[in-house]
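Report on one structure; see the data block that follows.
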Amino acid sequence: MECYDFNTRIDRTGSGDLKHNALLPRWGRNDLLPLWVADMDFATPPFIVDALKKRMEHPIFGYTVEPEDYWPAVIDWIKSHHNWDVQREWLRFIPGIVKGIGFVLNVFTKPGEKVIIQPPVYHPFRLTPEANGCKVVFNPLKRGADGYYEMDFENLEQVCDEQCRIFILCNPHNPAGQTWSAETLRRLADFCFEHHLLVISDEIHADMALFGNRHTPFATVSKRAAEISITFGAPTKTFNLAGIVSSYAIVPNETLRAKFFRWLSANELDEPTLFAPIATIAAFRQGENWRRQMLRYVEENVLFVEDFCHRYIPQIRPLRPQASFLVWLDCTALSLSHRLLQKLFVEKAHLALNDGEMFGEGGQGHMRMNVGTPRSILQQAMEQLRAAIDSLIIQE
């Protein structure tokens, strides 16, 4: 079995990566250690790079058909990892999951109609509906004593009215990194079915369950869930392929499928770019060993952060993610305002993280940290944060 290297620090200079090149325009400085945007600092698996290189040996990059093994590779992966028998006709390529959300809104809503989201949650869930003329309704998650979240079904009943058309589900949840139970998803499906809500289930982190947790696809929990849902997935987070857009939609309901896929086809939005199927096939046919090793490394990084905070900065409490390489840091014990918390991380610790407020209600006093990085980078970040907080305490 081949062993992969996740410790080597890779210089991304000259690659045009967002993680580094957006520091100056977003934070006003470029001397920050970036642990924000959700791609990893690990090399894309060599078998994917090799597959892309092989295709690039041919000098013509013209119009191409989908490779024969494209959808069988996706179907087999979903079956083997999530025990979901996805049918070929349920599947279509989409050019990105946030774009997919926008497509669904264009097809299934009218201006002024409402979309329900569950903050704190991935911020495009709010921005995309608003930019498409929808009103956003908030159904905030409840936080338990253990730090994990629960859906507030009493509040959901209160905020949902006849103008609500879409429910956007983050499964697994981002930024908390939480996997939803089948029981919770089934209850949500019953509610949405009875209130005539279409559910968009963003499952891009589905293949990154950690510490023995399992991902449950929303559409699998009941017949009702399958009838009212459009699921989005991709290999991009798991295999560090964000720059190669290779997302897909899964729509079991024939009526929803006909309407949505017809719109995608009419606008030629369901045709994958040349390299997307090649990367997807390589990932799903050859990637299991790499995936398992990567997840073990991410788990060790999570444990490193937990131990470091416990030993040196107990004012920060990391929530152990059940999926993904994102850690939700509870910084409320520092008793800092949003502005001062940002100042601590940026000006004192020289770190670029996603601040909790961008994820909406419940995100205040939190930061989201990407631990999909070599241990040496993570250790450097934690030492910088420790020094910043130590200086803060001394000043007090």
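Residues are referred to by chain and number: the chain letter is A, B, ... according to the order shown in the structure tokens, the number counts from 1 in that chain, and ligands are numbered separately from 1 in the order shown.
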Residue set, stretch 66-101 of chain A restricted to helix (DSSP H, G or I), as a PyMOL selection string: chain A and resi 70-82+88-90+97-101
Determine, for each residue of stretch 6-117 of chain A having at least one atom at most 7 Å from an atom of stretch 125-143 of chain A, the closest pair of atoms and their separation in Å to one decimal, counting only C-alpha atoms; order by chain and ascending number, as CSV.
residue,atom,partner,partner_atom,distance
A:Gly102,CA,A:Thr128,CA,6.2
A:Pro111,CA,A:Gly133,CA,4.9
A:Gly112,CA,A:Cys134,CA,4.9
A:Glu113,CA,A:Cys134,CA,5.3
A:Lys114,CA,A:Lys135,CA,4.6
A:Val115,CA,A:Val136,CA,5.0
A:Ile116,CA,A:Val137,CA,4.7
A:Ile117,CA,A:Phe138,CA,5.4
Using only N, CA and C atoms, please write the residues we just selected to a file, as a PDB file, in the first residue's frame.
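result-v4.pdb, written as the output of this step:
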ATOM      1  N   GLY A 102     -27.980  28.630  -6.941  1.00  0.00           N
ATOM      2  CA  GLY A 102     -28.556  29.704  -7.741  1.00  0.00           C
ATOM      3  C   GLY A 102     -29.441  29.187  -8.861  1.00  0.00           C
ATOM      4  N   PRO A 111     -39.274  36.001  -7.667  1.00  0.00           N
ATOM      5  CA  PRO A 111     -38.749  37.087  -6.829  1.00  0.00           C
ATOM      6  C   PRO A 111     -39.664  37.374  -5.651  1.00  0.00           C
ATOM      7  N   GLY A 112     -39.055  37.516  -4.488  1.00  0.00           N
ATOM      8  CA  GLY A 112     -39.818  37.810  -3.287  1.00  0.00           C
ATOM      9  C   GLY A 112     -40.208  36.594  -2.481  1.00  0.00           C
ATOM     10  N   GLU A 113     -40.126  35.410  -3.073  1.00  0.00           N
ATOM     11  CA  GLU A 113     -40.420  34.205  -2.307  1.00  0.00           C
ATOM     12  C   GLU A 113     -39.257  33.901  -1.356  1.00  0.00           C
ATOM     13  N   LYS A 114     -39.501  32.983  -0.423  1.00  0.00           N
ATOM     14  CA  LYS A 114     -38.591  32.841   0.717  1.00  0.00           C
ATOM     15  C   LYS A 114     -37.801  31.532   0.702  1.00  0.00           C
ATOM     16  N   VAL A 115     -36.601  31.644   1.253  1.00  0.00           N
ATOM     17  CA  VAL A 115     -35.676  30.520   1.391  1.00  0.00           C
ATOM     18  C   VAL A 115     -35.271  30.410   2.862  1.00  0.00           C
ATOM     19  N   ILE A 116     -35.325  29.215   3.419  1.00  0.00           N
ATOM     20  CA  ILE A 116     -34.980  29.003   4.824  1.00  0.00           C
ATOM     21  C   ILE A 116     -33.563  28.453   4.931  1.00  0.00           C
ATOM     22  N   ILE A 117     -32.784  29.057   5.841  1.00  0.00           N
ATOM     23  CA  ILE A 117     -31.439  28.563   6.127  1.00  0.00           C
ATOM     24  C   ILE A 117     -31.254  28.455   7.637  1.00  0.00           C
TER      25      ILE A 117
END
Long-range neighbours of A:Phe108 as a list in words, 9 Å cut-off, only C-alpha atoms, 3 positions minimum in chain: Phe103, Val104, Leu105, Arg165, Ile166, Leu198, Lys259 and Phe260 of chain A
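For the set A:Glu154, A:Ala387, A:Gly147, A:Arg92, the residue with the smallest atom-to-atom gap to A:Tyr312 is A:Ala387, counting only C-alpha atoms.
Atom CA of A:Phe6 is found 8.3 Å from atom CA of A:Arg375.
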DSSP-assigned strand (DSSP E or B) members of stretch 60-206 of chain A, reported as a PyMOL selection string: chain A and resi 91-94+114-117+135-138+142-143+149-150+164-170+173+178+198-202
Restricted to C-alpha atoms, what would the selected residues look like written as a PDB file, in the first residue's frame?
ATOM      1  CA  LEU A  91     -27.460  12.595 -12.217  1.00  0.00           C
ATOM      2  CA  ARG A  92     -26.299  15.728 -13.997  1.00  0.00           C
ATOM      3  CA  PHE A  93     -23.101  17.755 -13.973  1.00  0.00           C
ATOM      4  CA  ILE A  94     -23.318  21.249 -12.496  1.00  0.00           C
ATOM      5  CA  LYS A 114     -38.591  32.841   0.717  1.00  0.00           C
ATOM      6  CA  VAL A 115     -35.676  30.520   1.391  1.00  0.00           C
ATOM      7  CA  ILE A 116     -34.980  29.003   4.824  1.00  0.00           C
ATOM      8  CA  ILE A 117     -31.439  28.563   6.127  1.00  0.00           C
ATOM      9  CA  LYS A 135     -36.063  36.691   0.999  1.00  0.00           C
ATOM     10  CA  VAL A 136     -34.022  34.709   3.490  1.00  0.00           C
ATOM     11  CA  VAL A 137     -35.721  33.258   6.560  1.00  0.00           C
ATOM     12  CA  PHE A 138     -33.523  32.247   9.479  1.00  0.00           C
ATOM     13  CA  LYS A 142     -29.624  25.468  18.935  1.00  0.00           C
ATOM     14  CA  ARG A 143     -26.356  24.708  20.681  1.00  0.00           C
ATOM     15  CA  TYR A 149     -25.907  21.806  17.370  1.00  0.00           C
ATOM     16  CA  GLU A 150     -29.515  20.715  17.100  1.00  0.00           C
ATOM     17  CA  CYS A 164     -41.377  29.732   1.828  1.00  0.00           C
ATOM     18  CA  ARG A 165     -40.353  27.602  -1.146  1.00  0.00           C
ATOM     19  CA  ILE A 166     -36.827  26.306  -0.502  1.00  0.00           C
ATOM     20  CA  PHE A 167     -34.948  24.878   2.475  1.00  0.00           C
ATOM     21  CA  ILE A 168     -31.153  24.827   2.096  1.00  0.00           C
ATOM     22  CA  LEU A 169     -29.564  22.085   4.179  1.00  0.00           C
ATOM     23  CA  CYS A 170     -25.851  21.884   4.954  1.00  0.00           C
ATOM     24  CA  HIS A 173     -22.838  21.160   8.444  1.00  0.00           C
ATOM     25  CA  GLN A 178     -21.331  18.223  12.149  1.00  0.00           C
ATOM     26  CA  LEU A 198     -38.003  21.800  -1.806  1.00  0.00           C
ATOM     27  CA  VAL A 199     -34.803  20.801   0.004  1.00  0.00           C
ATOM     28  CA  ILE A 200     -31.377  21.571  -1.451  1.00  0.00           C
ATOM     29  CA  SER A 201     -28.897  19.340   0.370  1.00  0.00           C
ATOM     30  CA  ASP A 202     -25.291  20.478   0.035  1.00  0.00           C
TER      31      ASP A 202
END
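With only C-alpha atoms as the atoms that count, the residue of A:His366, A:Arg285, A:His310, A:His350 with the shortest distance to A:Trp328 is A:His366.
Considering the residues A:His196, A:Ile60, A:Leu392, A:Ala209 and counting only C-alpha atoms, A:Arg296 has its shortest atom-to-atom contact with A:Ala209.
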Exercise: A:Asn289 partners within 9 Å, only C-alpha atoms, chain neighbours under 2 positions left out, as a ChimeraX atom specification: /A:1-3,286-287,291-294
May I have the selected residues written with C-alpha atoms, as a PDB file, in the first residue's frame?
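The result, written out as again_5.pdb:
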ATOM      1  CA  MET A   1       0.000   0.000   0.000  1.00  0.00           C
ATOM      2  CA  GLU A   2       1.428   3.346  -1.026  1.00  0.00           C
ATOM      3  CA  CYS A   3       1.996   5.865   1.749  1.00  0.00           C
ATOM      4  CA  GLN A 286      -8.223   5.106  -7.307  1.00  0.00           C
ATOM      5  CA  GLY A 287      -8.639   7.398  -4.328  1.00  0.00           C
ATOM      6  CA  ARG A 291      -8.643   9.455   1.272  1.00  0.00           C
ATOM      7  CA  ARG A 292      -8.228   7.250   4.321  1.00  0.00           C
ATOM      8  CA  GLN A 293      -4.663   8.429   4.933  1.00  0.00           C
ATOM      9  CA  MET A 294      -5.664  12.061   4.471  1.00  0.00           C
TER      10      MET A 294
END
Residue nearest A:Phe211 - candidates A:Val74, A:Val298, A:Leu256, A:Leu197, atoms counted: only C-alpha atoms: A:Val298
Contacts of A:Pro34 within 7 Å, only C-alpha atoms, excl. fewer than 4 positions in-chain, as JSON, numbers by chain: {"A": [19, 20, 351, 352, 353]}
Limited to N, CA and C atoms, could you put the picked residues into a file as a compact mmCIF listing (two decimals), in the first residue's frame?
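selection_20.txt, freshly written:
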# COMPACT_ATOMS: atom_id res chain seq x y z
N LYS A 19 -6.17 31.46 -1.55
CA LYS A 19 -5.83 31.48 -0.12
C LYS A 19 -4.78 32.54 0.20
N HIS A 20 -3.78 32.70 -0.68
CA HIS A 20 -2.73 33.68 -0.44
C HIS A 20 -2.97 34.99 -1.19
N LEU A 351 -2.85 35.84 11.62
CA LEU A 351 -3.57 34.70 11.04
C LEU A 351 -4.78 35.18 10.26
N ALA A 352 -5.06 34.51 9.16
CA ALA A 352 -6.26 34.78 8.38
C ALA A 352 -7.20 33.59 8.52
N LEU A 353 -8.27 33.76 9.29
CA LEU A 353 -9.31 32.74 9.45
C LEU A 353 -10.64 33.35 9.03
Pick from A:Asp17, A:Asp69, A:Glu299, A:Glu357, whichever lies nearest to A:Gly212 using only C-alpha atoms: A:Glu299
Could you build a table of the residues in stretch 70-179 of chain A lying no more than 12 Å from stretch 236-254 of chain A, giving for each the nearest pair of atoms and their separation in Å rounded to one decimal place, using only C-alpha atoms, ordered by chain and ascending residue number, as a Markdown table?
| residue | atom | partner | partner_atom | distance |
| --- | --- | --- | --- | --- |
| A:Tyr70 | CA | A:Ser246 | CA | 10.8 |
| A:Trp71 | CA | A:Tyr248 | CA | 9.9 |
| A:Val74 | CA | A:Tyr248 | CA | 9.3 |
| A:Ile75 | CA | A:Ile250 | CA | 10.4 |
| A:Ile78 | CA | A:Ile250 | CA | 11.0 |
| A:Trp84 | CA | A:Ile250 | CA | 11.1 |
| A:Asp85 | CA | A:Pro252 | CA | 10.4 |
| A:Val86 | CA | A:Ile250 | CA | 7.8 |
| A:Gln87 | CA | A:Pro252 | CA | 8.0 |
| A:Arg88 | CA | A:Ile250 | CA | 9.2 |
| A:Glu89 | CA | A:Pro252 | CA | 8.4 |
| A:Trp90 | CA | A:Val251 | CA | 4.9 |
| A:Leu91 | CA | A:Ile250 | CA | 4.9 |
| A:Arg92 | CA | A:Ala249 | CA | 5.3 |
| A:Phe93 | CA | A:Tyr248 | CA | 4.3 |
| A:Ile94 | CA | A:Tyr248 | CA | 5.1 |
| A:Pro95 | CA | A:Val245 | CA | 5.9 |
| A:Gly96 | CA | A:Ser247 | CA | 5.4 |
| A:Ile97 | CA | A:Ser247 | CA | 6.4 |
| A:Val98 | CA | A:Ser247 | CA | 10.0 |
| A:Lys99 | CA | A:Ser247 | CA | 9.9 |
| A:Gly100 | CA | A:Ala249 | CA | 7.9 |
| A:Ile101 | CA | A:Ala249 | CA | 10.2 |
| A:Phe103 | CA | A:Ala249 | CA | 11.0 |
| A:Val104 | CA | A:Ala249 | CA | 10.5 |
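Using only C-alpha atoms for every distance, the candidate list A:Ala176, A:Ala145, A:Met367, A:Ile48 yields A:Ala176 as the residue closest to A:Pro119.
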